[in-house]
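Here is the file entry-v9.cif (mmCIF, C-alpha atoms).
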```cif
data_data
loop_
_atom_site.label_atom_id
_atom_site.label_comp_id
_atom_site.auth_asym_id
_atom_site.auth_seq_id
_atom_site.Cartn_x
_atom_site.Cartn_y
_atom_site.Cartn_z
CA THR A 268 54.53 -74.76 102.49
CA PHE A 269 53.13 -72.85 105.46
CA ASP A 270 49.68 -71.56 106.44
CA GLY A 271 50.62 -68.44 108.38
CA ALA A 272 53.43 -66.62 110.17
CA TYR A 273 54.20 -64.85 113.43
CA PHE A 274 55.94 -61.45 113.28
CA ASP A 275 57.99 -60.06 116.17
CA LEU A 276 58.45 -56.33 115.62
CA ALA A 277 61.24 -54.08 116.86
CA THR A 278 59.25 -51.03 115.69
CA ASN A 279 55.46 -51.08 115.42
CA GLY A 280 54.15 -49.79 112.12
CA ALA A 281 51.52 -47.07 111.67
CA GLY A 282 49.54 -45.80 108.70
CA TYR A 283 49.34 -49.15 106.88
CA SER A 284 46.14 -49.97 105.01
CA SER A 285 43.62 -51.89 107.11
CA THR A 286 43.80 -54.86 104.73
CA LEU A 287 47.19 -55.37 103.10
CA ASP A 288 47.71 -57.02 99.72
CA TRP A 289 48.94 -60.56 100.47
CA GLU A 290 49.96 -62.61 97.42
CA TYR A 291 51.54 -65.96 96.52
CA TRP A 292 53.30 -67.24 93.39
CA ASN A 293 51.38 -69.86 91.35
CA GLY A 294 54.12 -70.43 88.78
CA THR A 295 52.90 -67.73 86.39
CA ILE A 296 51.65 -64.72 88.36
CA TRP A 297 51.37 -63.40 91.91
CA ARG A 298 47.80 -64.18 93.01
CA ASP A 299 45.74 -62.77 95.88
CA LEU A 300 45.97 -64.80 99.08
CA PRO A 301 42.66 -64.94 101.03
CA LEU A 302 43.30 -64.43 104.75
CA HIS A 303 41.81 -66.24 107.71
CA VAL A 304 43.45 -63.90 110.26
CA ASN A 305 44.39 -60.40 109.11
CA TYR A 306 47.62 -58.67 110.12
CA THR A 307 48.75 -55.06 109.50
CA PHE A 308 52.20 -54.77 111.21
CA SER A 309 50.88 -52.42 113.91
CA ALA A 310 52.13 -54.76 116.69
CA ASP A 311 53.51 -58.26 117.20
CA GLY A 312 50.99 -60.59 115.64
CA VAL A 313 49.96 -63.37 113.31
CA VAL A 314 48.65 -63.72 109.78
CA ARG A 315 46.78 -66.93 108.90
CA PHE A 316 45.58 -68.36 105.58
CA VAL A 317 44.92 -71.68 103.88
CA ALA A 318 48.01 -72.85 101.98
CA PRO A 319 47.10 -72.63 98.26
CA THR A 320 46.98 -75.89 96.32
CA ASP A 321 48.63 -74.25 93.26
CA TRP A 322 51.50 -72.68 95.25
CA VAL A 323 54.82 -73.01 93.37
CA THR A 324 58.39 -72.49 94.58
CA ARG A 325 60.51 -69.68 93.17
CA LEU A 326 64.01 -68.20 93.37
CA LEU A 327 63.99 -64.52 94.32
CA ASN A 328 66.44 -61.79 93.50
CA GLY A 329 67.77 -59.97 96.56
CA VAL A 330 67.46 -63.05 98.74
CA GLN A 331 70.33 -64.99 97.15
CA ALA A 332 73.07 -64.04 94.68
CA ALA A 333 71.51 -62.21 91.74
CA ASP A 334 71.97 -62.99 88.06
CA THR A 335 71.45 -59.88 85.90
CA ASN A 336 70.65 -62.00 82.84
CA LEU A 337 67.35 -63.12 84.41
CA GLY A 338 64.19 -61.24 85.30
CA ALA A 339 63.96 -58.68 88.08
CA ASP A 340 62.64 -61.23 90.58
CA ASP A 341 64.50 -64.34 89.41
CA ILE A 342 68.01 -65.56 90.26
CA ALA A 343 70.26 -68.42 89.30
CA GLY A 344 71.42 -71.00 91.80
CA GLY A 345 70.24 -71.51 95.35
CA VAL A 346 67.16 -73.36 96.53
CA ALA A 347 63.68 -72.41 95.35
CA LYS A 348 61.24 -71.79 98.19
CA TYR A 349 57.59 -70.97 98.78
CA TRP A 350 57.08 -67.22 99.10
CA VAL A 351 54.34 -64.85 100.21
CA ARG A 352 54.68 -61.14 99.50
CA VAL A 353 52.76 -58.28 101.08
CA ALA A 354 52.25 -54.62 100.16
CA THR A 355 50.29 -51.67 101.53
CA THR A 356 48.12 -49.38 99.42
CA THR A 357 48.83 -46.40 101.69
CA THR A 358 52.00 -44.61 102.74
CA PRO A 359 52.95 -45.66 106.31
CA THR A 360 53.63 -42.88 108.80
CA THR A 361 55.91 -45.29 110.68
CA VAL A 362 57.62 -48.18 108.90
CA ALA A 363 57.54 -51.44 110.83
CA THR A 364 60.84 -53.25 111.39
CA VAL A 365 60.83 -57.00 112.00
CA THR A 366 63.04 -58.65 114.61
CA ARG A 367 62.08 -62.18 113.58
CA SER A 368 59.34 -64.06 111.76
CA LEU A 369 58.27 -67.65 112.28
CA PRO A 370 56.25 -69.41 109.56
CA PHE A 371 53.68 -72.04 110.59
CA PRO A 372 54.73 -75.06 108.46
CA THR A 373 51.94 -77.26 107.13
CA TYR A 374 54.10 -80.26 108.10
CA LEU A 375 57.50 -80.61 109.73
CA TYR A 376 58.12 -83.85 111.66
CA THR A 377 59.09 -85.90 108.60
CA THR A 378 59.14 -85.57 104.80
CA PRO A 379 58.19 -87.75 101.82
CA ALA A 380 61.92 -88.20 101.05
CA VAL A 381 62.67 -89.42 104.59
CA VAL A 382 59.76 -91.89 104.49
CA ASN A 383 60.86 -93.10 101.05
CA ALA A 384 64.42 -93.71 102.30
CA PHE A 385 63.11 -95.55 105.38
CA LEU A 386 61.05 -97.89 103.18
CA GLN A 387 64.01 -98.31 100.79
CA LEU A 388 61.77 -97.84 97.79
CA ARG A 389 63.35 -97.96 94.34
CA GLN A 390 61.32 -94.97 93.13
CA ALA A 391 60.94 -91.54 94.70
CA PHE A 392 57.50 -90.06 95.29
CA SER A 393 56.40 -87.68 92.55
CA ALA A 394 53.30 -86.23 90.95
CA ASN A 395 52.96 -89.44 88.89
CA THR A 396 53.38 -92.10 91.60
CA ALA A 397 50.65 -93.73 93.67
CA PRO A 398 50.49 -92.11 96.13
CA THR A 399 51.68 -88.78 94.82
CA THR A 400 53.98 -86.50 96.79
CA ALA A 401 50.96 -84.34 97.69
CA GLN A 402 49.10 -87.38 99.05
CA VAL A 403 52.09 -88.36 101.19
CA GLU A 404 52.25 -84.80 102.52
CA ASP A 405 48.55 -85.00 103.46
CA MET A 406 49.27 -88.25 105.29
CA ILE A 407 52.11 -86.59 107.19
CA ARG A 408 49.76 -83.79 108.25
CA ARG A 409 47.22 -86.33 109.54
CA ILE A 410 49.89 -88.16 111.53
CA GLU A 411 51.19 -84.89 112.99
CA GLY A 412 47.64 -84.02 114.04
CA ARG A 413 47.37 -87.36 115.80
CA ILE A 414 50.68 -86.86 117.61
CA GLU A 415 49.78 -83.34 118.71
CA GLY A 416 46.23 -84.26 119.70
CA TYR A 417 47.37 -87.21 121.81
CA THR A 418 50.30 -85.50 123.53
CA THR A 419 48.81 -81.94 123.65
CA ILE A 420 52.32 -80.81 122.59
CA THR A 421 53.53 -79.38 119.30
CA TRP A 422 57.07 -79.21 117.97
CA LYS A 423 56.42 -76.34 115.58
CA PRO A 424 55.01 -72.81 116.04
CA LYS A 425 51.21 -72.73 116.39
CA TYR A 426 48.65 -70.04 117.14
CA ARG A 427 45.90 -70.04 119.79
CA GLU A 428 43.22 -67.41 119.22
CA ASP A 429 40.80 -65.96 121.77
CA GLU A 430 41.01 -68.62 124.47
CA LEU A 431 38.86 -67.88 127.53
CA TYR A 432 39.85 -68.58 131.14
CA GLU A 433 38.30 -68.07 134.55
CA PHE A 434 39.60 -65.05 136.40
CA ALA A 435 41.70 -65.66 139.53
CA ARG A 436 43.30 -62.91 141.59
CA PHE A 437 46.82 -64.29 141.23
CA GLY A 438 46.69 -65.60 137.68
CA PHE A 439 45.98 -68.77 135.71
CA THR A 440 47.68 -71.46 133.61
CA LEU A 441 47.46 -71.62 129.82
CA LYS A 442 46.18 -74.76 128.14
CA ARG A 443 49.24 -75.01 125.90
CA TYR A 444 52.92 -74.32 126.52
CA PRO A 445 55.77 -73.42 126.16
CA VAL A 446 54.78 -69.93 125.06
CA ILE A 447 56.72 -68.30 122.23
CA SER A 448 54.90 -65.00 122.51
CA MET A 449 51.87 -63.74 124.42
CA LEU A 450 50.13 -61.49 121.91
CA GLU A 451 47.27 -60.27 124.07
CA LEU A 452 45.66 -60.73 127.46
CA ALA A 453 42.36 -58.92 128.01
CA ILE A 454 39.94 -58.99 130.96
CA TRP A 455 36.20 -58.34 130.79
CA ASN A 456 35.47 -55.16 132.75
CA GLY A 457 31.69 -55.22 132.55
CA GLY A 458 31.42 -53.52 129.17
CA ALA A 459 34.32 -54.72 127.03
CA PHE A 460 37.54 -56.72 127.11
CA GLU A 461 40.22 -54.40 128.51
CA VAL A 462 43.73 -55.18 127.21
CA MET A 463 46.33 -55.60 129.95
CA ALA A 464 49.98 -54.53 129.72
CA GLU A 465 52.66 -57.24 129.92
CA GLY A 466 55.61 -56.87 132.29
CA ARG A 467 56.51 -57.45 135.94
CA GLU A 468 55.94 -53.76 136.61
CA GLN A 469 52.74 -53.76 134.52
CA ASP A 470 49.58 -55.88 134.82
CA TYR A 471 50.91 -59.42 134.27
CA PHE A 472 53.87 -61.51 133.17
CA VAL A 473 54.23 -64.98 131.68
CA ASP A 474 56.49 -67.89 132.56
CA ASN A 475 56.95 -69.01 128.95
CA LEU A 476 58.30 -72.45 129.83
CA THR A 477 55.34 -73.51 131.99
CA GLY A 478 52.60 -71.30 130.56
CA ILE A 479 51.78 -69.79 133.97
CA VAL A 480 50.32 -66.27 133.75
CA THR A 481 50.86 -64.26 136.94
CA PHE A 482 49.09 -60.99 137.68
CA SER A 483 51.72 -58.56 138.94
CA ARG A 484 49.17 -56.21 140.50
CA LEU A 485 45.97 -56.82 142.44
CA LEU A 486 42.94 -56.89 140.13
CA ASN A 487 39.34 -57.28 141.26
CA LEU A 488 36.25 -58.33 139.38
CA PRO A 489 33.91 -56.79 138.55
CA PHE A 490 35.82 -53.65 137.68
CA ALA A 491 32.72 -51.42 137.52
CA TYR A 492 31.27 -52.06 140.97
CA THR A 493 32.05 -53.96 144.16
CA ARG A 494 29.33 -56.54 144.76
CA THR A 495 31.67 -59.38 145.68
CA ARG A 496 29.01 -62.04 145.17
CA SER A 497 28.99 -61.20 141.44
CA TRP A 498 32.45 -62.63 140.91
CA GLY A 499 32.38 -65.84 138.86
CA PHE A 500 28.78 -65.52 137.74
CA GLY A 501 26.94 -64.31 134.66
CA GLU A 502 28.85 -61.96 132.43
CA PHE A 503 32.05 -62.33 134.48
CA ARG A 504 32.43 -66.04 133.81
CA ARG A 505 35.55 -66.86 131.78
CA ALA A 506 36.56 -63.22 131.94
CA CYS A 507 40.16 -63.61 130.70
CA ARG A 508 40.80 -63.73 126.94
CA VAL A 509 44.22 -64.53 125.51
CA ARG A 510 45.97 -64.89 122.15
CA TYR A 511 49.41 -66.46 121.99
CA VAL A 512 51.94 -68.37 119.89
CA TRP A 513 53.31 -71.57 121.39
CA GLY A 514 55.34 -74.66 120.51
CA ARG A 515 58.68 -76.40 120.95
CA ASP A 516 61.63 -76.30 118.57
CA ILE A 517 62.01 -79.79 117.16
CA ASP A 518 65.69 -79.19 116.36
CA PHE A 519 66.58 -78.30 119.96
CA ASP A 520 64.03 -80.17 122.05
CA GLU A 521 65.53 -83.24 123.72
CA ARG A 522 62.70 -85.41 122.35
CA GLY A 523 62.78 -83.99 118.84
CA PHE A 524 64.45 -87.07 117.35
CA MET A 525 61.83 -89.29 119.00
CA VAL A 526 59.05 -87.22 117.44
CA ARG A 527 60.65 -87.51 114.01
CA ASP A 528 60.98 -91.30 114.45
CA ILE A 529 57.34 -91.68 115.52
CA ALA A 530 56.05 -89.64 112.58
CA MET A 531 58.23 -91.49 110.07
CA LYS A 532 57.13 -94.96 111.25
CA LEU A 533 53.42 -94.12 111.45
CA VAL A 534 53.45 -92.59 107.96
CA ALA A 535 55.38 -95.58 106.59
CA ALA A 536 52.91 -98.00 108.22
CA ASP A 537 49.91 -96.19 106.75
CA LEU A 538 51.53 -96.10 103.30
CA ILE A 539 52.25 -99.82 103.29
CA SER A 540 48.75 -100.58 104.57
CA ASN A 541 47.01 -98.54 101.88
CA TYR A 542 49.23 -98.94 98.79
CA ASP A 543 50.89 -101.88 97.04
CA TYR A 544 54.67 -101.49 96.99
CA THR A 545 55.52 -105.12 96.22
CA GLN A 546 57.45 -104.22 93.06
CA LEU A 547 59.31 -101.32 94.70
CA ILE A 548 60.59 -103.01 97.87
CA PRO A 549 64.14 -104.38 97.43
CA GLN A 550 64.84 -108.10 97.53
CA GLY A 551 66.19 -109.54 100.76
CA SER A 552 63.66 -107.66 102.84
CA ASP A 553 61.37 -110.69 103.17
CA ARG A 554 63.06 -111.93 106.34
CA TYR A 555 59.96 -110.54 108.01
CA SER A 556 56.64 -110.16 106.24
CA ILE A 557 55.34 -106.71 105.39
CA GLU A 558 52.51 -107.23 107.89
CA GLN A 559 55.02 -108.00 110.66
CA LYS A 560 57.01 -104.87 109.86
CA VAL A 561 53.91 -102.66 109.87
CA ASP A 562 52.81 -104.09 113.22
CA TYR A 563 56.27 -103.49 114.66
CA TRP A 564 56.45 -99.92 113.39
CA ARG A 565 53.05 -99.09 114.82
CA SER A 566 53.76 -100.81 118.14
CA SER A 567 57.11 -99.06 118.49
CA ALA A 568 55.59 -95.68 117.61
CA GLU A 569 52.67 -96.14 120.01
CA ASP A 570 55.01 -96.96 122.89
CA ARG A 571 57.11 -93.87 122.24
CA LEU A 572 54.02 -91.75 121.73
CA GLU A 573 52.89 -92.63 125.25
CA GLU A 574 56.26 -91.46 126.60
CA LEU A 575 55.66 -88.01 125.11
CA ARG A 576 52.47 -87.35 127.07
CA PRO A 577 53.17 -84.75 129.78
CA LEU A 578 52.25 -84.99 133.45
CA ARG A 579 51.39 -81.54 134.71
CA THR A 580 51.05 -80.54 138.37
CA TRP A 581 50.85 -77.16 140.04
CA VAL A 582 50.12 -75.73 143.48
CA LEU A 583 48.02 -72.63 144.03
#
```

Spit out the file's structure as structure tokens when you get a sec.
Amino acid sequence: TFDGAYFDLATNGAGYSSTLDWEYWNGTIWRDLPLHVNYTFSADGVVRFVAPTDWVTRLLNGVQAADTNLGADDIAGGVAKYWVRVATTTTPTTVATVTRSLPFPTYLYTTPAVVNAFLQLRQAFSANTAPTTAQVEDMIRRIEGRIEGYTTITWKPKYREDELYEFARFGFTLKRYPVISMLELAIWNGGAFEVMAEGREQDYFVDNLTGIVTFSRLLNLPFAYTRTRSWGFGEFRRACRVRYVWGRDIDFDERGFMVRDIAMKLVAADLISNYDYTQLIPQGSDRYSIEQKVDYWRSSAEDRLEELRPLRTWVL
């Protein structure tokens, strides 16, 4: 499942309805999907929502090889996936074309199947086991939150909305990096946030790898008048507002395998600590007690977690 997506457009759309019809499949019908962050395909941007608890996978015609004996939307074969569909109630004057889209997965670093194989359990997680598959997924999300909170790094796409920074004449450094896409940078001009244009020949550009935002032309605050003593005080405090998508690719980052190992061991340790798997653990595994194994997994994961913490230095 995923709780949002980033859209990179080749052509910006125009004439779409202000609130599009976003829907998900619950196994019987397409239901309305309440949005946390709206998106209308007028520019590169993000849609956010809470992943529905009754979301069901489905095979879609037109995505994989079609079978004419099934319904218009259904196909035979392939792998069922979680889908969101969107429609406009108006006729667009310009149809948006998408270069790429990145979903924001609800969890990614490990899976219930990987944890089950690591523990060598005789029974796979399901809706009838204790814990259920959904409970294991919740545990994975908690562990991922711990990893990301401790390291201040994420290995999946994430969205930062309306962060505020102090204005500096030459630029500033984002709190999170690497940057996948800078969606907006706006500066308070004394009456409103004025959106800046990205590009070396425009107002600013971004070093995506380090998260450093450099102003490519000389800007002065306040914009409306020239009392230099007003800079940095009152309404001009934290005058820069940004929205951006950031994160590393776990499949290509050099520490991606370490992250997967940490998540797997911490989830396994929490499972063993909170549930009784005595009957499911294979014989011959009692060379070390379960408590010793859990302590080792946690110790090993904590050591590697410390190695992931970044040291950041910069010179102005």

* For the file shown, report as a list in words the outcome of the PyMOL selection byres ((chain A and resi 400) around 12) at residue level. => Thr378, Pro379, Ala380, Val382, Asn383, Gln390, Ala391, Phe392, Ser393, Ala394, Asn395, Thr396, Ala397, Pro398, Thr399, Ala401, Gln402, Val403, Glu404, Asp405, Met406, Ile407 and Leu538 of chain A

Spatial neighbours of A:Asp516, 9 Å, all atoms listed in the file, chain gap at least 5 places, as an mmCIF file with C-alpha atoms, keeping the file's coordinate frame:
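Contents of part_39.cif, freshly written:
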```cif
data_model
loop_
_atom_site.group_PDB
_atom_site.id
_atom_site.type_symbol
_atom_site.label_atom_id
_atom_site.label_comp_id
_atom_site.auth_asym_id
_atom_site.auth_seq_id
_atom_site.Cartn_x
_atom_site.Cartn_y
_atom_site.Cartn_z
ATOM 1 C CA THR A 421 53.530 -79.380 119.300
ATOM 2 C CA TRP A 422 57.070 -79.210 117.970
ATOM 3 C CA LYS A 423 56.420 -76.340 115.580
ATOM 4 C CA PRO A 424 55.010 -72.810 116.040
ATOM 5 C CA GLY A 523 62.780 -83.990 118.840
#
```

* Asked: Between A:Glu465, A:Glu573, A:Glu521, A:Asp470, which has the minimum distance to A:Phe437 (counting all atoms listed in the file)?
  -> A:Asp470

* With distances taken over all atoms listed in the file, which of A:Thr377, A:Thr320, A:Asn293, A:Ser309 is nearest to A:Thr360? ->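 Once distances to A:Thr360 are computed over all atoms listed in the file, the minimum belongs to A:Ser309.
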
* To do: Write out as a ChimeraX atom specification the residues lying within 12 Å of A:Tyr563, counting only C-alpha atoms and excluding same-chain residues fewer than 4 positions away.
  => /A:529,532-533,535-536,555-559,567-570

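Take the PyMOL selection byres ((chain A and resi 509) around 10) and apply it to this file: it picks Arg427, Glu428, Asp429, Glu430, Leu431, Tyr432, Leu441, Met449, Leu450, Glu451, Leu452, Ala453, Ile454, Val462, Cys507, Arg508, Arg510 and Tyr511 of chain A.
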
* Mind checking which residues fall within 8 Å of A:Arg443, counting all atoms listed in the file, ignoring those fewer than 2 positions away in the same chain, and posting them as a list in words? =>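 Listing them by chain and then by number gives Thr419, Ile420, Leu441, Pro445, Val446, Gly478 and Trp513 of chain A.
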
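Atom pair atom CA of A:Ser483 / atom CA of A:Tyr471: separated by 4.8 Å.
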
* **atom CA of A:Tyr273 to atom CA of A:Tyr374, straight-line distance in Å** => 16.3 Å

* Point-to-point distance from atom CA of A:Asp518 to atom CA of A:Ser448, Å rounded to tenths -> 18.9 Å

* **Picked residues, the PyMOL selection byres ((chain A and resi 372) around 7), expected as a count of residues only** => 8

* Near A:Tyr306, counting all atoms listed in the file, which residues have an atom at most 9 Å away, once you skip same-chain residues fewer than 6 positions from it, shown as a ChimeraX atom specification? -> /A:285-287,312-315

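Omitting A:Lys348 and its sequence neighbours fewer than 6 positions away, and counting all atoms listed in the file, the residues within 10 Å are Thr268, Val323, Thr324, Arg325, Leu326 and Leu327 of chain A.
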
* **Option closest in space to A:Gly458, from A:Tyr376, A:Leu485, A:Glu502, A:Lys425 [counting all atoms listed in the file]** =>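 Answer, going by the shortest atom-to-atom distance: A:Glu502.
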
Please enclose the listed atoms of stretch 530-535 of chain A in an axis-aligned box, pad each side by 4 Å, and write out the centre and the three edge lengths in Å, rounded to one decimal, as lines of an AutoDock Vina configuration file.
```
center_x = 55.8
center_y = -92.6
center_z = 109.6
size_x = 12.8
size_y = 13.9
size_z = 14.0
```

* Structure fact -> If you count only C-alpha atoms, the residue of A:Thr355, A:Arg504, A:Tyr417, A:Phe385 closest to A:Ser284 turns out to be A:Thr355
